[in-house]
Amino acid sequence: MEGRVHQPLDIDRVLKMAYLLIFVTTLHLITLAMLFIATMEKSWWVWDSTETSDLWYNCRLDNSTGTHLCATIKETEWLQAVQVLMVISVVFSSVSFLVFLGQLFTMSKGGLFYFTGLCQIFAGLTVFSAALVYTLHNTEILLDSKNLTSGNFGYCYILAWVCVPLLLCSGIMYIHLRKKE
């Protein structure tokens with residue numbers, strides 16, 4: 001027993017790692033939720049408080065019943081590109097989270113979360129591509145809709161753009177994150 005040297009547990013280091021892990025996990029879940037909302041909600045383009053368009057439907061609020069009346073949006077090649085890119089980004093981010101959880105419990109000490117980080121970066125790049133295509137081709141995407149000059153981009157479009165830097169930053173953090181004890 002004389003040859004054994006006990007090192008004190010570095011509580012500060014353990015707490016910092018725990019806070020970092022909580023922060024990265026929370027950031028990932030928040031961006032994943034934002035991706036789901038941006039992909040599925042009804043507000044990529046808004047004309048007024050009663051008429052919106054998303055990636056799937058054009059909707060109008062019926063004032064007498066208080067419900068949205070939605071019709072399928074005319075599918076163009078640009079719209080299909082945005083739809084596919086947004087769905088792929090959700091898939092990449094979801095796979096990334098599941099892989100992270102798996103790596104967290106199975107990876108050996110000192111391992112890096114490369115695959116998780118790359119999936120997050122790919123999710124960020126696909127959202128960037130989708131939002132960019134929608135920005136550049138919204139006139140073709142909303143061709144059969146109302147006059148575009150009287151409308152503007154909705155909150156789901158803005159959420160998609162907000163997800164881009166968050167996904168890229170979390171991807172970089174995952175790549176640099178090293179599993180400790």
# chains A, B, ... in the order shown; residues from 1 in each chain; ligands from 1

call {"tool": "closest_atom_pairs", "arguments": {"of": "region 143-171 of chain A", "to": "region 38-54 of chain A", "cutoff": "6 Å", "atoms": "only C-alpha atoms", "output": "Markdown table"}}
result
| residue | atom | partner | partner_atom | distance |
| --- | --- | --- | --- | --- |
| A:Ser150 | CA | A:Trp47 | CA | 6.0 |
| A:Gly151 | CA | A:Trp47 | CA | 3.9 |
| A:Asn152 | CA | A:Val46 | CA | 5.5 |
| A:Phe153 | CA | A:Trp45 | CA | 4.5 |
| A:Gly154 | CA | A:Trp44 | CA | 4.5 |
| A:Tyr155 | CA | A:Ser43 | CA | 6.0 |
| A:Cys156 | CA | A:Ala38 | CA | 4.3 |
| A:Tyr157 | CA | A:Trp44 | CA | 4.8 |
| A:Leu159 | CA | A:Ala38 | CA | 5.9 |
| A:Ala160 | CA | A:Ala38 | CA | 5.8 |

call {"tool": "residues_around", "arguments": {"residues": "Cys70 (chain A)", "least_positions_apart": "4", "cutoff": "9 Å", "atoms": "only C-alpha atoms", "output": "list in words"}}
result
Tyr57, Asn58, Cys59, Arg60 and Leu61 of chain A

call {"tool": "residues_around", "arguments": {"residues": "Thr25 (chain A)", "least_positions_apart": "5", "cutoff": "12 Å", "atoms": "only C-alpha atoms", "output": "list in words"}}
result
Ala18, Tyr19, Leu20, Ile30, Thr31, Leu32, Ser93, Ser96, Phe97, Leu98, Phe100, Leu101, Leu104, Thr116, Ser170, Gly171, Met173, Tyr174 and Leu177 of chain A

call {"tool": "select_by_dssp", "arguments": {"residues": "region 46-86 of chain A", "states": "strand (DSSP E)", "output": "number ranges by chain"}}
result
A: 46-48, 51-53, 57-62, 67-72

call {"tool": "residues_around", "arguments": {"residues": "Met86 (chain A)", "least_positions_apart": "2", "cutoff": "7 Å", "atoms": "only C-alpha atoms", "output": "list in words"}}
result
Thr39, Val82, Gln83, Val84, Ile88, Ser89, Val90, Thr126, Val127 and Ala130 of chain A

call {"tool": "atom_distance", "arguments": {"atom1": "CA of Leu125 (chain A)", "atom2": "CA of Cys169 (chain A)"}}
result
11.6 Å

call {"tool": "residues_around", "arguments": {"residues": "Ile175 (chain A)", "least_positions_apart": "3", "cutoff": "7 Å", "atoms": "only C-alpha atoms", "output": "NGL selection string"}}
result
:A and (112-114 or 117 or 171-172)

call {"tool": "select_by_dssp", "arguments": {"residues": "region 9-147 of chain A", "states": "alpha helix (DSSP H)", "output": "PyMOL selection string"}}
result
chain A and resi 11-40+77-106+114-141

call {"tool": "atom_distance", "arguments": {"atom1": "CA of Thr139 (chain A)", "atom2": "CA of Glu75 (chain A)"}}
result
12.9 Å
